[in-house]
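Everything below belongs to entry-v6.pdb, which stores PDB, C-alpha atoms.
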```
ATOM      1  CA  MET A  10      72.246  -5.597 -23.879  1.00  0.00           C
ATOM      2  CA  PRO A  11      68.847  -4.374 -25.158  1.00  0.00           C
ATOM      3  CA  LYS A  12      66.395  -2.998 -22.610  1.00  0.00           C
ATOM      4  CA  TRP A  13      63.808  -5.711 -23.334  1.00  0.00           C
ATOM      5  CA  GLU A  14      66.434  -8.371 -22.622  1.00  0.00           C
ATOM      6  CA  ARG A  15      67.480  -6.756 -19.324  1.00  0.00           C
ATOM      7  CA  SER A  16      63.829  -6.454 -18.352  1.00  0.00           C
ATOM      8  CA  GLY A  17      63.171 -10.105 -19.158  1.00  0.00           C
ATOM      9  CA  ILE A  18      66.196 -11.264 -17.183  1.00  0.00           C
ATOM     10  CA  THR A  19      65.222  -9.074 -14.211  1.00  0.00           C
ATOM     11  CA  MET A  20      61.714 -10.526 -14.087  1.00  0.00           C
ATOM     12  CA  GLY A  21      63.167 -14.018 -14.460  1.00  0.00           C
ATOM     13  CA  VAL A  22      65.439 -13.446 -11.456  1.00  0.00           C
ATOM     14  CA  ILE A  23      62.510 -12.100  -9.403  1.00  0.00           C
ATOM     15  CA  ALA A  24      60.363 -15.109 -10.348  1.00  0.00           C
ATOM     16  CA  VAL A  25      63.115 -17.587  -9.414  1.00  0.00           C
ATOM     17  CA  ALA A  26      63.720 -15.785  -6.099  1.00  0.00           C
ATOM     18  CA  LEU A  27      60.013 -16.050  -5.217  1.00  0.00           C
ATOM     19  CA  LEU A  28      59.996 -19.742  -6.146  1.00  0.00           C
ATOM     20  CA  VAL A  29      63.025 -20.334  -3.903  1.00  0.00           C
ATOM     21  CA  VAL A  30      61.370 -18.495  -0.995  1.00  0.00           C
ATOM     22  CA  GLU A  31      58.236 -20.611  -1.406  1.00  0.00           C
ATOM     23  CA  ALA A  32      60.302 -23.815  -1.575  1.00  0.00           C
ATOM     24  CA  ILE A  33      61.984 -22.858   1.715  1.00  0.00           C
ATOM     25  CA  ASP A  34      58.592 -22.019   3.207  1.00  0.00           C
ATOM     26  CA  MET A  35      57.163 -25.402   2.172  1.00  0.00           C
ATOM     27  CA  ALA A  36      60.240 -27.199   3.517  1.00  0.00           C
ATOM     28  CA  THR A  37      59.763 -25.546   6.920  1.00  0.00           C
ATOM     29  CA  GLY A  38      56.073 -26.396   7.095  1.00  0.00           C
ATOM     30  CA  GLY A  39      54.880 -22.902   6.195  1.00  0.00           C
ATOM     31  CA  ASP A  40      56.705 -21.244   9.085  1.00  0.00           C
ATOM     32  CA  LEU A  41      57.581 -18.174   7.000  1.00  0.00           C
ATOM     33  CA  ASP A  42      53.906 -17.336   6.443  1.00  0.00           C
ATOM     34  CA  GLU A  43      53.585 -16.036  10.005  1.00  0.00           C
ATOM     35  CA  TYR A  44      55.679 -13.032   8.911  1.00  0.00           C
ATOM     36  CA  GLY A  45      52.759 -11.645   6.888  1.00  0.00           C
ATOM     37  CA  ILE A  46      50.757  -8.539   7.756  1.00  0.00           C
ATOM     38  CA  VAL A  47      48.941  -8.759  11.093  1.00  0.00           C
ATOM     39  CA  PRO A  48      46.449  -5.876  11.118  1.00  0.00           C
ATOM     40  CA  ARG A  49      46.522  -3.063  13.663  1.00  0.00           C
ATOM     41  CA  ARG A  50      49.338  -4.531  15.732  1.00  0.00           C
ATOM     42  CA  LEU A  51      52.711  -2.828  15.876  1.00  0.00           C
ATOM     43  CA  SER A  52      54.387  -6.229  15.729  1.00  0.00           C
ATOM     44  CA  GLY A  53      52.562  -6.856  12.449  1.00  0.00           C
ATOM     45  CA  LEU A  54      53.865  -3.757  10.676  1.00  0.00           C
ATOM     46  CA  ASP A  55      57.041  -5.503   9.523  1.00  0.00           C
ATOM     47  CA  GLY A  56      54.768  -7.832   7.583  1.00  0.00           C
ATOM     48  CA  ILE A  57      54.364  -4.981   5.088  1.00  0.00           C
ATOM     49  CA  ILE A  58      57.961  -5.685   4.059  1.00  0.00           C
ATOM     50  CA  TRP A  59      57.702  -9.488   3.895  1.00  0.00           C
ATOM     51  CA  ALA A  60      54.114 -10.233   2.830  1.00  0.00           C
ATOM     52  CA  PRO A  61      54.586  -9.809  -0.960  1.00  0.00           C
ATOM     53  CA  LEU A  62      57.435 -12.331  -0.866  1.00  0.00           C
ATOM     54  CA  LEU A  63      55.363 -15.030   0.870  1.00  0.00           C
ATOM     55  CA  HIS A  64      52.589 -17.275  -0.470  1.00  0.00           C
ATOM     56  CA  SER A  65      50.391 -19.979   1.011  1.00  0.00           C
ATOM     57  CA  ASP A  66      51.501 -22.562  -1.574  1.00  0.00           C
ATOM     58  CA  PHE A  67      52.876 -22.885  -5.103  1.00  0.00           C
ATOM     59  CA  ALA A  68      49.408 -22.510  -6.651  1.00  0.00           C
ATOM     60  CA  HIS A  69      49.015 -19.162  -4.878  1.00  0.00           C
ATOM     61  CA  LEU A  70      52.454 -18.078  -6.083  1.00  0.00           C
ATOM     62  CA  ILE A  71      51.918 -19.170  -9.701  1.00  0.00           C
ATOM     63  CA  GLY A  72      48.571 -17.349  -9.738  1.00  0.00           C
ATOM     64  CA  ASN A  73      50.460 -14.138  -8.974  1.00  0.00           C
ATOM     65  CA  LEU A  74      53.509 -14.890 -11.136  1.00  0.00           C
ATOM     66  CA  ILE A  75      51.649 -15.381 -14.416  1.00  0.00           C
ATOM     67  CA  PRO A  76      50.254 -11.835 -14.655  1.00  0.00           C
ATOM     68  CA  GLY A  77      53.053 -10.412 -12.495  1.00  0.00           C
ATOM     69  CA  VAL A  78      55.876 -11.383 -14.842  1.00  0.00           C
ATOM     70  CA  VAL A  79      54.107  -9.779 -17.812  1.00  0.00           C
ATOM     71  CA  LEU A  80      53.141  -6.595 -15.966  1.00  0.00           C
ATOM     72  CA  GLY A  81      56.540  -6.323 -14.288  1.00  0.00           C
ATOM     73  CA  PHE A  82      58.253  -6.663 -17.664  1.00  0.00           C
ATOM     74  CA  LEU A  83      56.119  -3.846 -19.104  1.00  0.00           C
ATOM     75  CA  LEU A  84      56.839  -1.702 -16.062  1.00  0.00           C
ATOM     76  CA  LEU A  85      60.582  -2.308 -16.385  1.00  0.00           C
ATOM     77  CA  MET A  86      60.357  -1.242 -20.019  1.00  0.00           C
ATOM     78  CA  SER A  87      58.716   2.009 -18.870  1.00  0.00           C
ATOM     79  CA  GLY A  88      61.709   2.832 -16.654  1.00  0.00           C
ATOM     80  CA  ARG A  89      59.585   3.415 -13.533  1.00  0.00           C
ATOM     81  CA  PHE A  90      59.823  -0.017 -11.918  1.00  0.00           C
ATOM     82  CA  LEU A  91      61.504   0.830  -8.609  1.00  0.00           C
ATOM     83  CA  TRP A  92      59.444   3.912  -7.764  1.00  0.00           C
ATOM     84  CA  VAL A  93      56.117   2.411  -8.765  1.00  0.00           C
ATOM     85  CA  THR A  94      56.842  -0.819  -6.906  1.00  0.00           C
ATOM     86  CA  ALA A  95      57.924   1.044  -3.760  1.00  0.00           C
ATOM     87  CA  ILE A  96      54.796   3.235  -3.722  1.00  0.00           C
ATOM     88  CA  VAL A  97      52.467   0.299  -4.383  1.00  0.00           C
ATOM     89  CA  TRP A  98      54.243  -1.911  -1.824  1.00  0.00           C
ATOM     90  CA  VAL A  99      53.815   0.650   0.977  1.00  0.00           C
ATOM     91  CA  ILE A 100      50.253   1.760   0.129  1.00  0.00           C
ATOM     92  CA  SER A 101      49.013  -1.800  -0.328  1.00  0.00           C
ATOM     93  CA  GLY A 102      50.660  -2.981   2.888  1.00  0.00           C
ATOM     94  CA  LEU A 103      49.435  -0.072   4.997  1.00  0.00           C
ATOM     95  CA  GLY A 104      45.932  -0.465   3.591  1.00  0.00           C
ATOM     96  CA  VAL A 105      45.881  -4.131   4.585  1.00  0.00           C
ATOM     97  CA  TRP A 106      47.313  -3.344   8.027  1.00  0.00           C
ATOM     98  CA  LEU A 107      44.579  -0.768   8.639  1.00  0.00           C
ATOM     99  CA  THR A 108      41.559  -2.633   7.230  1.00  0.00           C
ATOM    100  CA  ALA A 109      42.110  -6.414   7.157  1.00  0.00           C
ATOM    101  CA  PRO A 110      40.050  -8.559   9.551  1.00  0.00           C
ATOM    102  CA  THR A 111      41.352  -8.774  13.116  1.00  0.00           C
ATOM    103  CA  GLY A 112      43.426 -11.884  13.713  1.00  0.00           C
ATOM    104  CA  SER A 113      44.170 -12.451  10.019  1.00  0.00           C
ATOM    105  CA  VAL A 114      47.635 -12.777   8.482  1.00  0.00           C
ATOM    106  CA  THR A 115      47.888 -11.484   4.916  1.00  0.00           C
ATOM    107  CA  ILE A 116      50.542 -12.748   2.501  1.00  0.00           C
ATOM    108  CA  GLY A 117      51.038 -12.695  -1.260  1.00  0.00           C
ATOM    109  CA  ALA A 118      52.187 -10.444  -4.089  1.00  0.00           C
ATOM    110  CA  SER A 119      48.722  -9.788  -5.498  1.00  0.00           C
ATOM    111  CA  GLY A 120      48.653  -6.250  -4.085  1.00  0.00           C
ATOM    112  CA  ILE A 121      51.818  -5.504  -6.076  1.00  0.00           C
ATOM    113  CA  VAL A 122      50.325  -7.081  -9.213  1.00  0.00           C
ATOM    114  CA  PHE A 123      47.147  -4.999  -8.887  1.00  0.00           C
ATOM    115  CA  GLY A 124      49.238  -1.873  -8.349  1.00  0.00           C
ATOM    116  CA  TRP A 125      51.355  -2.527 -11.432  1.00  0.00           C
ATOM    117  CA  LEU A 126      48.208  -3.104 -13.490  1.00  0.00           C
ATOM    118  CA  ALA A 127      46.518   0.064 -12.208  1.00  0.00           C
ATOM    119  CA  TYR A 128      49.641   2.121 -12.922  1.00  0.00           C
ATOM    120  CA  LEU A 129      49.930   0.827 -16.475  1.00  0.00           C
ATOM    121  CA  LEU A 130      46.203   1.360 -17.059  1.00  0.00           C
ATOM    122  CA  VAL A 131      46.059   5.016 -16.003  1.00  0.00           C
ATOM    123  CA  ARG A 132      49.540   6.485 -16.524  1.00  0.00           C
ATOM    124  CA  GLY A 133      48.663   7.606 -20.040  1.00  0.00           C
ATOM    125  CA  LEU A 134      45.817   9.730 -18.689  1.00  0.00           C
ATOM    126  CA  PHE A 135      48.140  11.592 -16.323  1.00  0.00           C
ATOM    127  CA  ASN A 136      50.908  11.855 -18.928  1.00  0.00           C
ATOM    128  CA  ARG A 137      48.468  12.834 -21.715  1.00  0.00           C
ATOM    129  CA  ASP A 138      50.161  10.211 -23.882  1.00  0.00           C
ATOM    130  CA  VAL A 139      47.979   8.618 -26.564  1.00  0.00           C
ATOM    131  CA  TRP A 140      50.180   5.541 -26.938  1.00  0.00           C
ATOM    132  CA  GLN A 141      50.180   4.880 -23.212  1.00  0.00           C
ATOM    133  CA  VAL A 142      46.395   5.258 -23.166  1.00  0.00           C
ATOM    134  CA  LEU A 143      46.085   2.765 -26.031  1.00  0.00           C
ATOM    135  CA  GLY A 144      48.439   0.401 -24.188  1.00  0.00           C
ATOM    136  CA  GLY A 145      46.200   0.740 -21.137  1.00  0.00           C
ATOM    137  CA  VAL A 146      43.143  -0.153 -23.230  1.00  0.00           C
ATOM    138  CA  VAL A 147      44.877  -3.320 -24.465  1.00  0.00           C
ATOM    139  CA  LEU A 148      45.848  -4.245 -20.899  1.00  0.00           C
ATOM    140  CA  LEU A 149      42.293  -3.610 -19.752  1.00  0.00           C
ATOM    141  CA  ALA A 150      41.020  -5.991 -22.436  1.00  0.00           C
ATOM    142  CA  VAL A 151      43.504  -8.691 -21.414  1.00  0.00           C
ATOM    143  CA  TYR A 152      43.615  -8.314 -17.620  1.00  0.00           C
ATOM    144  CA  GLY A 153      40.542  -6.208 -16.825  1.00  0.00           C
ATOM    145  CA  GLY A 154      38.691  -9.194 -15.402  1.00  0.00           C
ATOM    146  CA  ILE A 155      41.002  -9.457 -12.424  1.00  0.00           C
ATOM    147  CA  LEU A 156      39.985  -5.957 -11.327  1.00  0.00           C
ATOM    148  CA  TRP A 157      36.876  -7.522  -9.775  1.00  0.00           C
ATOM    149  CA  GLY A 158      39.310  -8.653  -7.070  1.00  0.00           C
ATOM    150  CA  VAL A 159      39.215  -5.169  -5.520  1.00  0.00           C
ATOM    151  CA  LEU A 160      35.659  -5.846  -4.314  1.00  0.00           C
ATOM    152  CA  PRO A 161      34.892  -7.673  -1.049  1.00  0.00           C
ATOM    153  CA  HIS A 162      34.375 -11.402  -1.500  1.00  0.00           C
ATOM    154  CA  GLY A 163      34.884 -14.618   0.438  1.00  0.00           C
ATOM    155  CA  GLY A 164      37.357 -17.423   0.018  1.00  0.00           C
ATOM    156  CA  GLY A 165      40.106 -16.066   2.247  1.00  0.00           C
ATOM    157  CA  VAL A 166      41.405 -13.739  -0.495  1.00  0.00           C
ATOM    158  CA  SER A 167      42.629 -10.323   0.641  1.00  0.00           C
ATOM    159  CA  TRP A 168      40.522  -7.962  -1.423  1.00  0.00           C
ATOM    160  CA  GLN A 169      41.990  -5.216   0.788  1.00  0.00           C
ATOM    161  CA  GLY A 170      45.447  -5.913  -0.641  1.00  0.00           C
ATOM    162  CA  HIS A 171      44.024  -5.787  -4.166  1.00  0.00           C
ATOM    163  CA  LEU A 172      42.117  -2.552  -3.562  1.00  0.00           C
ATOM    164  CA  PHE A 173      44.950  -0.679  -1.878  1.00  0.00           C
ATOM    165  CA  GLY A 174      47.462  -2.038  -4.388  1.00  0.00           C
ATOM    166  CA  ALA A 175      45.319  -0.532  -7.154  1.00  0.00           C
ATOM    167  CA  VAL A 176      45.063   2.730  -5.186  1.00  0.00           C
ATOM    168  CA  GLY A 177      48.852   2.731  -4.885  1.00  0.00           C
ATOM    169  CA  GLY A 178      49.191   2.203  -8.635  1.00  0.00           C
ATOM    170  CA  VAL A 179      46.950   5.162  -9.433  1.00  0.00           C
ATOM    171  CA  LEU A 180      48.773   7.296  -6.853  1.00  0.00           C
ATOM    172  CA  ALA A 181      52.122   6.296  -8.401  1.00  0.00           C
ATOM    173  CA  ALA A 182      50.847   7.228 -11.874  1.00  0.00           C
ATOM    174  CA  TRP A 183      49.851  10.665 -10.579  1.00  0.00           C
ATOM    175  CA  MET A 184      53.052  11.231  -8.563  1.00  0.00           C
ATOM    176  CA  LEU A 185      55.368  10.139 -11.382  1.00  0.00           C
ATOM    177  CA  SER A 186      53.461  11.733 -14.271  1.00  0.00           C
ATOM    178  CA  ASP A 187      55.093  14.036 -16.796  1.00  0.00           C
ATOM    179  CA  ARG A 188      53.080  17.092 -15.765  1.00  0.00           C
ATOM    180  CA  ARG A 189      52.781  19.554 -18.622  1.00  0.00           C
ATOM    181  CA  ASP A 190      51.530  23.111 -18.966  1.00  0.00           C
ATOM    182  CA  PRO A 191      48.093  23.332 -20.564  1.00  0.00           C
ATOM    183  CA  GLY A 192      48.454  23.636 -24.331  1.00  0.00           C
ATOM    184  CA  SER A 193      52.167  22.849 -24.270  1.00  0.00           C
ATOM    185  CA  SER A 194      53.863  19.725 -25.504  1.00  0.00           C
ATOM    186  CA  GLU A 195      57.004  20.484 -23.520  1.00  0.00           C
ATOM    187  CA  PRO A 196      57.520  19.292 -19.939  1.00  0.00           C
ATOM    188  CA  ARG A 197      57.043  21.996 -17.340  1.00  0.00           C
ATOM    189  CA  ARG A 198      60.386  23.351 -16.202  1.00  0.00           C
ATOM    190  CA  PRO A 199      60.885  24.030 -12.506  1.00  0.00           C
ATOM    191  CA  GLU A 200      61.119  27.691 -11.587  1.00  0.00           C
ATOM    192  CA  LEU A 201      64.361  28.863 -10.055  1.00  0.00           C
ATOM    193  CA  LYS A 202      63.940  31.055  -7.000  1.00  0.00           C
ATOM    194  CA  GLY A 203      66.430  33.122  -5.134  1.00  0.00           C
ATOM    195  CA  GLY A 204      69.012  35.713  -6.204  1.00  0.00           C
ATOM    196  CA  PRO A 205      69.801  37.143  -9.606  1.00  0.00           C
ATOM    197  CA  ARG A 206      70.244  34.755 -12.491  1.00  0.00           C
TER
END
```

Represent the structure contained in this file as structure tokens.
Amino acid sequence: MPKWERSGITMGVIAVALLVVEAIDMATGGDLDEYGIVPRRLSGLDGIIWAPLLHSDFAHLIGNLIPGVVLGFLLLMSGRFLWVTAIVWVISGLGVWLTAPTGSVTIGASGIVFGWLAYLLVRGLFNRDVWQVLGGVVLLAVYGGILWGVLPHGGGVSWQGHLFGAVGGVLAAWMLSDRRDPGSSEPRRPELKGGPR
């Protein structure tokens, strides 16, 4: 099976799973939403795990799915999906837990979406890859407008999740970059230390 087909199927499965979770949430009167991130309370830390899977309603979910499916597909094609997602998930969640308004409960996958976008935008700079940089420019032209979501604004939207998701994406791009020696096109090889070779 071609990689693009596997990537498409994977994102389809993720999208269906999120739709099922939201259907269960709606059927229970939104009871699952209380498992979101409750800031600065130890009992709210487990919300870091569950928050990206929960949404306030189907409109909220679809708003995240439309860009998320595209960005997730591109990330799967890059071969870095699991690591990038894990880094973004933790950084975004911890950022919300530390900085969100007291008494709030934060849910939604937008932090993940912002992290995926940030990773895809900047990875070419860290990898010194012209094609990745050009891909980032195209993504910026298409999705750049949503980056305003990292700034504080009203409406009950967690700009903290967006901001720290983006921070997580940049951090992931740096951590997972193909670091190269200056002036060399070959990846840097780790030095072996110890006894005679």

Legend entry - Trp13 in chain A environment, 10 Å, all atoms listed in the file, sequence neighbours closer than 5 positions dropped, as number ranges by chain: A: 18-19, 82-83, 85-86

Inset, instruction - Spell out the residues picked by the PyMOL selection byres ((chain A and resi 133) around 12) here, as a PyMOL selection string. - result: chain A and resi 87+127-132+134-146+179+182-183+185-188

Inset, instruction - Convert the output of the PyMOL selection byres ((chain A and resi 35-41) around 10) on the shown file into explicit residues, formatted as a PyMOL selection string. - result: chain A and resi 29-34+42-45+59-60+62-67+116

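CA of Gly88 in chain A is found 11.5 Å from CA of Arg15 in chain A.
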
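For Gly170 in chain A, the residues within 7 Å (counting only C-alpha atoms, excluding itself and residues fewer than 4 positions away along the chain) are Ser101, Gly102, Gly104, Val105, Gly120 and Gly174 of chain A.
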
Legend entry - Straight-line distance linking CA of Ala26 in chain A with CA of Met10 in chain A, stated in Å to one decimal: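 It comes out at 22.2 Å.
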
Since the input lacks some atoms of range 66-101 of chain A, please model N, CA and C atoms and print them as a PDB file, keeping the file's coordinate frame.
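What follows is the written file part_3.pdb:
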```
ATOM      1  N   ASP A  66      51.015 -21.350  -0.898  1.00  0.00           N
ATOM      2  CA  ASP A  66      51.501 -22.562  -1.574  1.00  0.00           C
ATOM      3  C   ASP A  66      51.931 -22.176  -2.985  1.00  0.00           C
ATOM      4  N   PHE A  67      52.392 -23.190  -3.756  1.00  0.00           N
ATOM      5  CA  PHE A  67      52.876 -22.885  -5.103  1.00  0.00           C
ATOM      6  C   PHE A  67      51.743 -22.441  -6.025  1.00  0.00           C
ATOM      7  N   ALA A  68      50.537 -22.936  -5.815  1.00  0.00           N
ATOM      8  CA  ALA A  68      49.408 -22.510  -6.651  1.00  0.00           C
ATOM      9  C   ALA A  68      49.132 -21.018  -6.453  1.00  0.00           C
ATOM     10  N   HIS A  69      49.188 -20.579  -5.195  1.00  0.00           N
ATOM     11  CA  HIS A  69      49.015 -19.162  -4.878  1.00  0.00           C
ATOM     12  C   HIS A  69      50.096 -18.337  -5.566  1.00  0.00           C
ATOM     13  N   LEU A  70      51.336 -18.797  -5.479  1.00  0.00           N
ATOM     14  CA  LEU A  70      52.454 -18.078  -6.083  1.00  0.00           C
ATOM     15  C   LEU A  70      52.321 -18.008  -7.600  1.00  0.00           C
ATOM     16  N   ILE A  71      52.028 -19.142  -8.239  1.00  0.00           N
ATOM     17  CA  ILE A  71      51.918 -19.170  -9.701  1.00  0.00           C
ATOM     18  C   ILE A  71      50.779 -18.272 -10.165  1.00  0.00           C
ATOM     19  N   GLY A  72      49.684 -18.229  -9.396  1.00  0.00           N
ATOM     20  CA  GLY A  72      48.571 -17.349  -9.738  1.00  0.00           C
ATOM     21  C   GLY A  72      48.977 -15.891  -9.780  1.00  0.00           C
ATOM     22  N   ASN A  73      49.952 -15.515  -8.954  1.00  0.00           N
ATOM     23  CA  ASN A  73      50.460 -14.138  -8.974  1.00  0.00           C
ATOM     24  C   ASN A  73      51.580 -13.950  -9.997  1.00  0.00           C
ATOM     25  N   LEU A  74      52.376 -15.008 -10.222  1.00  0.00           N
ATOM     26  CA  LEU A  74      53.509 -14.890 -11.136  1.00  0.00           C
ATOM     27  C   LEU A  74      53.083 -14.716 -12.588  1.00  0.00           C
ATOM     28  N   ILE A  75      52.020 -15.408 -12.997  1.00  0.00           N
ATOM     29  CA  ILE A  75      51.649 -15.381 -14.416  1.00  0.00           C
ATOM     30  C   ILE A  75      51.347 -13.955 -14.881  1.00  0.00           C
ATOM     31  N   PRO A  76      50.423 -13.230 -14.226  1.00  0.00           N
ATOM     32  CA  PRO A  76      50.254 -11.835 -14.655  1.00  0.00           C
ATOM     33  C   PRO A  76      51.407 -10.939 -14.201  1.00  0.00           C
ATOM     34  N   GLY A  77      52.011 -11.269 -13.050  1.00  0.00           N
ATOM     35  CA  GLY A  77      53.053 -10.412 -12.495  1.00  0.00           C
ATOM     36  C   GLY A  77      54.284 -10.305 -13.374  1.00  0.00           C
ATOM     37  N   VAL A  78      54.687 -11.407 -13.980  1.00  0.00           N
ATOM     38  CA  VAL A  78      55.876 -11.383 -14.842  1.00  0.00           C
ATOM     39  C   VAL A  78      55.620 -10.493 -16.059  1.00  0.00           C
ATOM     40  N   VAL A  79      54.437 -10.596 -16.642  1.00  0.00           N
ATOM     41  CA  VAL A  79      54.107  -9.779 -17.812  1.00  0.00           C
ATOM     42  C   VAL A  79      54.043  -8.307 -17.440  1.00  0.00           C
ATOM     43  N   LEU A  80      53.296  -7.994 -16.374  1.00  0.00           N
ATOM     44  CA  LEU A  80      53.141  -6.595 -15.966  1.00  0.00           C
ATOM     45  C   LEU A  80      54.465  -6.003 -15.483  1.00  0.00           C
ATOM     46  N   GLY A  81      55.239  -6.796 -14.753  1.00  0.00           N
ATOM     47  CA  GLY A  81      56.540  -6.323 -14.288  1.00  0.00           C
ATOM     48  C   GLY A  81      57.481  -6.038 -15.446  1.00  0.00           C
ATOM     49  N   PHE A  82      57.436  -6.884 -16.470  1.00  0.00           N
ATOM     50  CA  PHE A  82      58.253  -6.663 -17.664  1.00  0.00           C
ATOM     51  C   PHE A  82      57.877  -5.337 -18.324  1.00  0.00           C
ATOM     52  N   LEU A  83      56.570  -5.096 -18.493  1.00  0.00           N
ATOM     53  CA  LEU A  83      56.119  -3.846 -19.104  1.00  0.00           C
ATOM     54  C   LEU A  83      56.519  -2.638 -18.262  1.00  0.00           C
ATOM     55  N   LEU A  84      56.458  -2.795 -16.955  1.00  0.00           N
ATOM     56  CA  LEU A  84      56.839  -1.702 -16.062  1.00  0.00           C
ATOM     57  C   LEU A  84      58.336  -1.434 -16.144  1.00  0.00           C
ATOM     58  N   LEU A  85      59.137  -2.483 -16.217  1.00  0.00           N
ATOM     59  CA  LEU A  85      60.582  -2.308 -16.385  1.00  0.00           C
ATOM     60  C   LEU A  85      60.889  -1.588 -17.695  1.00  0.00           C
ATOM     61  N   MET A  86      60.145  -1.903 -18.730  1.00  0.00           N
ATOM     62  CA  MET A  86      60.357  -1.242 -20.019  1.00  0.00           C
ATOM     63  C   MET A  86      60.009   0.256 -19.937  1.00  0.00           C
ATOM     64  N   SER A  87      59.108   0.605 -19.016  1.00  0.00           N
ATOM     65  CA  SER A  87      58.716   2.009 -18.870  1.00  0.00           C
ATOM     66  C   SER A  87      59.759   2.823 -18.110  1.00  0.00           C
ATOM     67  N   GLY A  88      60.663   2.135 -17.404  1.00  0.00           N
ATOM     68  CA  GLY A  88      61.709   2.832 -16.654  1.00  0.00           C
ATOM     69  C   GLY A  88      61.275   3.349 -15.297  1.00  0.00           C
ATOM     70  N   ARG A  89      60.098   2.915 -14.812  1.00  0.00           N
ATOM     71  CA  ARG A  89      59.585   3.415 -13.533  1.00  0.00           C
ATOM     72  C   ARG A  89      59.432   2.300 -12.496  1.00  0.00           C
ATOM     73  N   PHE A  90      60.074   1.182 -12.717  1.00  0.00           N
ATOM     74  CA  PHE A  90      59.823  -0.017 -11.918  1.00  0.00           C
ATOM     75  C   PHE A  90      60.033   0.192 -10.426  1.00  0.00           C
ATOM     76  N   LEU A  91      61.180   0.731 -10.035  1.00  0.00           N
ATOM     77  CA  LEU A  91      61.504   0.830  -8.609  1.00  0.00           C
ATOM     78  C   LEU A  91      60.563   1.773  -7.868  1.00  0.00           C
ATOM     79  N   TRP A  92      60.309   2.956  -8.442  1.00  0.00           N
ATOM     80  CA  TRP A  92      59.444   3.912  -7.764  1.00  0.00           C
ATOM     81  C   TRP A  92      58.008   3.423  -7.668  1.00  0.00           C
ATOM     82  N   VAL A  93      57.498   2.900  -8.778  1.00  0.00           N
ATOM     83  CA  VAL A  93      56.117   2.411  -8.765  1.00  0.00           C
ATOM     84  C   VAL A  93      55.975   1.268  -7.769  1.00  0.00           C
ATOM     85  N   THR A  94      56.911   0.330  -7.804  1.00  0.00           N
ATOM     86  CA  THR A  94      56.842  -0.819  -6.906  1.00  0.00           C
ATOM     87  C   THR A  94      56.913  -0.380  -5.448  1.00  0.00           C
ATOM     88  N   ALA A  95      57.796   0.575  -5.143  1.00  0.00           N
ATOM     89  CA  ALA A  95      57.924   1.044  -3.760  1.00  0.00           C
ATOM     90  C   ALA A  95      56.631   1.700  -3.279  1.00  0.00           C
ATOM     91  N   ILE A  96      56.038   2.550  -4.112  1.00  0.00           N
ATOM     92  CA  ILE A  96      54.796   3.235  -3.722  1.00  0.00           C
ATOM     93  C   ILE A  96      53.675   2.227  -3.519  1.00  0.00           C
ATOM     94  N   VAL A  97      53.531   1.310  -4.469  1.00  0.00           N
ATOM     95  CA  VAL A  97      52.467   0.299  -4.383  1.00  0.00           C
ATOM     96  C   VAL A  97      52.679  -0.596  -3.168  1.00  0.00           C
ATOM     97  N   TRP A  98      53.907  -1.014  -2.931  1.00  0.00           N
ATOM     98  CA  TRP A  98      54.243  -1.911  -1.824  1.00  0.00           C
ATOM     99  C   TRP A  98      53.792  -1.292  -0.493  1.00  0.00           C
ATOM    100  N   VAL A  99      54.134  -0.017  -0.295  1.00  0.00           N
ATOM    101  CA  VAL A  99      53.815   0.650   0.977  1.00  0.00           C
ATOM    102  C   VAL A  99      52.312   0.902   1.107  1.00  0.00           C
ATOM    103  N   ILE A 100      51.684   1.433   0.059  1.00  0.00           N
ATOM    104  CA  ILE A 100      50.253   1.760   0.129  1.00  0.00           C
ATOM    105  C   ILE A 100      49.421   0.493   0.312  1.00  0.00           C
ATOM    106  N   SER A 101      49.745  -0.539  -0.443  1.00  0.00           N
ATOM    107  CA  SER A 101      49.013  -1.800  -0.328  1.00  0.00           C
ATOM    108  C   SER A 101      49.165  -2.389   1.071  1.00  0.00           C
TER     109      SER A 101
END
```
